[in-house]
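**Student:** Take this structure, written in structure tokens, and hold onto it; I'll ask about it next.
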Amino acid sequence: MTTFDQARPLRQSMSWLHTWSGLLLGWLLFAIFVTGTLSYFRNEITFWMQPELHSAQVVPTEQIAFVRALALLAREAPDAQQWSLTLPSPRNPTLGLSWQQASAAENSQTSPGATRERGVRGAAAADSAEANRAPSNDMARERPNRREARGENGARREGRWRERGAEGAQSPDSATGNRPAFDGAARERSTRNETRGRANGAQSPETATENRPASDGVARERPSRNETRGRANDAQSPETGQQTDAGQQRPGAGARGQGQGGGGHRGPRLMLDPASGGKLEGRPTAGGNFLYRFHFELYGMDRTWARWIVGIATVLMFVALVSGVIVHRRIFKDFFTFRTGKGKRSWLDAHNASSVLSLPFHIIITFSGLVLFGNMMMPTAFQAAYRGDTEASYFREMRARMAPSDMPEASGESAPLITGLATLIAQAQETWGGARVGSITITHPGDRNAVIELRQMNSPSIAKGGRIVPALRFNGATGEPLATPALPEQNAVQIVSNVLNQLHRGFFATPVPRWLLFLSGIGGSLMVASGMVMWTVARARKTAKSARAPWGHRLVEVLNIAAIAGLMAAIAIHFWANRLIPADLPTRADWEIRAFFIAWAVTLVHAALRRPKAAWVEQLACAGALTALLPLVNAVTGGLSLPASIERGLGLLAGFDLCALVFGIGMLYAAYKVHRHTPRTRIVSSPPEEKPGPGTETETDAPPSEAMEEAA
Amino acid sequence: MNLLCLALCFWGFAAISASMERHAKDIFAAAGSPRTRRLRLLAGYALLALALPPAIVEHGLSIGIAAWFGFLAIASTALALILNWRPSILRWALR
Amino acid sequence: MKTLDLLIANPSARHRIKVGLRTGLAAFGGYGLALLGAAAFAAGLPFDSRPDAVSLAIMIGFVLQLIAIIWVFAAATIGRATLGLAIPAALFGLWLLLLKAMQTS
């Protein structure tokens, strides 16, 4: 017991602080770490969760069916202002098509005054990170309205998640400071579209909402805005990861469209087999975006509240990290020390090793997580800098820091669009020294002033911000090269915030850095898990002496089991549900998520009812078996089997299956170890129930490798 | 380049661990003189520094540095496991 | 905290109150100081572009919060802990008032 207000060494106070700041929201932190770590591969997860897409063939660029894709676009969206094609990438082998419909997408903005303000607010709202950066509470205030409206709509109850899902797609894009530039572009464009759409007499279902009561107007407007923006982002986002995100999102978004009986105001997002140009229809699912969004705004609760909870957990994590470094007696001397089979000592070693060895990652990921919540948690910064000014100025100035997107206006004269996209791609790749093209946007298709813009797949730098990638432009009618938009200069502050942002999100990443982030994330999950288990291990002896475990100890133990082993089982169940729920069930996307939470709740009840050791063994074994069987489930429920995906070169599927196999076997091994374990210090007098849970003290030896799997 | 970076990181950490008395005993059965151990320490840091250029060549400056930290983490974790499991297999790498 | 010792005889309860006070001070004092600091830096940083000042001030704010929390638990007595938060808070507050005065004049 640390006695405050008495002379005591710093280490002692810090040890107290480390223990309790770590424990207080440790279970939540573990879930955040695990789901956040999986989010590095959320495109891959989404793809895995849509076995209908697994048939996409991997072909070289020159064999991609661009002609058919363009013909399809011309048929489906002849009046679109902009078409975008997301090229097949290692993270998504399909060819994604989307367009920005020249329709009255923003028609609820009837008054020009409102347009500006809403546009700005929308800019904030659209993207997850920027949303919480939004300096005012307007959004928060607006949200309940929206929900009520939704409630009235009854049928829309489901819509909430889906909308979130849809936003999820865009949020990555949206998240950095660069974001507003694109918002701005999107907004302007959509306003333009509106005019255009009306001039064309284009009627979309959305138009009907124009005369609805205000609250509903808000409700409907937001999603539609997001979608517009989504398209614009698709079009504009120079970053592949993001484009892929958007691409991956389509099915989810599509689900929403279906659920709502077709949100006709926006074109669907199509996925094609790159070789044949045939449409691929993925099942409705939130995909990897569920785990992604869970890691920063949980689920099923008010987003502002959820973000605050996650924000507070992050602050605690930050405090625990730094106090932990202060506490660590011999950070360099024990750098490589890991001793197995020594009970509590081994747990301490595992905790130290998982923390210290990737400490830079832990600090960056925690701090950048806080900074992403910056405007929400530190609103005074904005208020002080913009005293007496509106947030509109803030976003305008944010935008002004970005390069303006100076697309030429349409001429009004029609001219056929060139179809030799493969040639342009080859040209671009040559210009960039082999770097791949990630996406192509075609502005004013069919016009004499059509512009074809090719964007590089991966950003070559973190410092510039993931969104800023090299691009090349060509005239769409003649194929002549046009001036390339200049990349904006960035100052030191922007570079720092870009680096934080990018490292957190990992958008920049080609496979190797992405795997490094993923592995470091596993290290972080391990760190949290081992720390929490240590809390019970450290108290095990004391507890064992007393006839009954104190309720606090019992509580921590139960929560540990459910939060660690139970979460793993719940995630596995989520993936099983993805395959076992019929693909044509209208509410299937929600049931996948419900299956996750039901499973998690069951593990909590189970942990509370069983003895700790039995609970650890059973849950770990269950999670391990469920996870290890995922490749099999994938193969028998319509997905591409592991050998086939390796043969076809679909590394993203093979990677998912192999990871599942490795983690599953690791958890089974951990379960076996816990099962075989007998506590070193047997206390004869204590009844079996009170024995220290061996799961919490695997002193036989639990090499960190399986603890690692356990955590991942 | 990625593998080179990882190998250099691992080698560097192995040398650093061999500069510590406890690990040196595990690896070589004898700790070695303080002078040899200091040399190992210096060589270890030099190897870690040498691992940075390959990462930068592969990924560019900003991503390269980030990747370097990632490789450092992985290499040191692997080393900690090997030191616990079979430290003597490191012997061939560290003369 | 001698007064507390006199007032409450039960050492365990005394301990709990002390821990509670520190925790409260760390949570609210730390956050309050961070808010003030973020405001002071956002208003005072000599940047041409205000968004830059805002984003840097936010980062500084979080670091301030961290330091404040650690300080509250490290300080020898709760009085010193409070003082350690109050002095920088007063400085930031003065700076903000000064800026406001300059702006209005």
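We name chains A, B, ... following the order of the structure tokens; residues begin at 1 in each chain, and ligands are numbered from 1 as shown.
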Provide as a ChimeraX atom specification the residues of chain B at most 8 Å from chain A, counting only C-alpha atoms.

**Tutor:** /B:2,17,20,59-63,66-67,69-74,76-77,79-81,83-84

**Student:** Can you spit out the residues from that selection as a PDB file, in the first residue's frame, using C-alpha atoms?

**Tutor:**
ATOM      1  CA  ASN B   2      13.829  -5.535 -45.504  1.00  0.00           C
ATOM      2  CA  SER B  17      23.142  -8.791 -25.344  1.00  0.00           C
ATOM      3  CA  MET B  20      25.848  -7.939 -20.819  1.00  0.00           C
ATOM      4  CA  HIS B  59      10.880   2.743 -47.980  1.00  0.00           C
ATOM      5  CA  GLY B  60      12.059   6.328 -48.251  1.00  0.00           C
ATOM      6  CA  LEU B  61      13.124   8.514 -45.366  1.00  0.00           C
ATOM      7  CA  SER B  62      10.016   8.913 -43.245  1.00  0.00           C
ATOM      8  CA  ILE B  63       8.568   5.437 -43.685  1.00  0.00           C
ATOM      9  CA  ALA B  66       9.273   4.030 -38.869  1.00  0.00           C
ATOM     10  CA  ALA B  67      10.006   0.635 -40.387  1.00  0.00           C
ATOM     11  CA  PHE B  69      11.721   0.983 -35.303  1.00  0.00           C
ATOM     12  CA  GLY B  70       9.408  -1.851 -36.219  1.00  0.00           C
ATOM     13  CA  PHE B  71      12.314  -4.086 -37.189  1.00  0.00           C
ATOM     14  CA  LEU B  72      14.103  -3.180 -33.972  1.00  0.00           C
ATOM     15  CA  ALA B  73      11.064  -4.304 -32.005  1.00  0.00           C
ATOM     16  CA  ILE B  74      10.770  -7.589 -33.835  1.00  0.00           C
ATOM     17  CA  SER B  76      14.722  -7.669 -30.023  1.00  0.00           C
ATOM     18  CA  THR B  77      11.642  -9.760 -29.271  1.00  0.00           C
ATOM     19  CA  LEU B  79      16.357 -12.299 -29.494  1.00  0.00           C
ATOM     20  CA  ALA B  80      14.761 -12.256 -26.052  1.00  0.00           C
ATOM     21  CA  LEU B  81      12.967 -15.487 -26.922  1.00  0.00           C
ATOM     22  CA  LEU B  83      18.094 -16.083 -25.175  1.00  0.00           C
ATOM     23  CA  ASN B  84      15.530 -17.794 -23.030  1.00  0.00           C
TER      24      ASN B  84
END

**Student:** I'd like the neighbourhood of stretch 84-95 of chain C as a PDB file with C-alpha atoms, in the first residue's frame, where a residue qualifies if any of its atoms comes within 7 Å (using only C-alpha atoms), though same-chain residues fewer than 3 positions away should be ignored.

**Tutor:**
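Saved as around31.pdb:
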ATOM      1  CA  GLY C  29      -6.768  19.450 -12.034  1.00  0.00           C
ATOM      2  CA  LEU C  33      -4.506  22.654 -16.545  1.00  0.00           C
ATOM      3  CA  LEU C  36      -5.873  26.220 -19.944  1.00  0.00           C
ATOM      4  CA  GLY C  37      -2.463  25.394 -21.355  1.00  0.00           C
ATOM      5  CA  ALA C  40      -2.740  29.708 -23.833  1.00  0.00           C
ATOM      6  CA  ALA C  68       0.276  17.173 -14.322  1.00  0.00           C
ATOM      7  CA  ARG C  80       2.491  20.841  -2.961  1.00  0.00           C
ATOM      8  CA  ALA C  81       0.669  18.876  -5.593  1.00  0.00           C
ATOM      9  CA  LEU C  98      -3.224  39.734 -21.171  1.00  0.00           C
ATOM     10  CA  LEU C  99      -3.882  38.625 -24.733  1.00  0.00           C
TER      11      LEU C  99
END

**Student:** In Å, rounded to a single decimal, give me how far atom CA of A:Thr285 is from atom CA of A:Ile593.

**Tutor:** 9.2 Å

**Student:** Taking only C-alpha atoms into account, report as a list of chain:residue names which residues of chain C lie within 7 Å of chain A.

**Tutor:**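 Interface list for chain C against chain A: C:His15, C:Lys18, C:Leu35, C:Ala38, C:Ala39, C:Ala42, C:Ala43, C:Arg50, C:Pro51, C:Asp52, C:Val54, C:Leu56, C:Ala57, C:Ile58, C:Met59, C:Leu66, C:Phe73, C:Ala74, C:Ala76, C:Thr77, C:Ile78.
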
**Student:** In Å, how far is it from atom CA of A:Thr678 to atom CA of A:Trp347?

**Tutor:**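 Between atom CA of A:Thr678 and atom CA of A:Trp347 the gap is 15.8 Å.
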
**Student:** One number please: atom CA of A:Met376 to atom CA of A:Gln490, in Å, one decimal.

**Tutor:** 24.3 Å

**Student:** Just want the 7 Å neighbourhood of A:Arg473, counted on only C-alpha atoms, with same-chain residues fewer than 6 positions away dropped. Output as a list in words.

**Tutor:**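 The filter keeps Val451, Ile452, Glu453, Leu454, Pro481, Leu482, Ala483 and Thr484 of chain A.
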
**Student:** Nearest residue to A:Gly476 out of A:Gly433, A:Gln101, A:Gln82, A:Ser276, using only C-alpha atoms?

**Tutor:** A:Gln82

**Student:** Check the DSSP output for the backbone and give back, as a PyMOL selection string, the residues of chain C in alpha helix (DSSP H).

**Tutor:** chain C and resi 2-7+11-24+30-44+50-74+78-104

**Student:** Using only C-alpha atoms, which of the listed residues (C:Leu83, C:Ala13, C:Ala101, C:Ala26) sits closest to C:Gln65?

**Tutor:**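 Nearest candidate to C:Gln65 out of C:Leu83, C:Ala13, C:Ala101, C:Ala26: C:Ala26.
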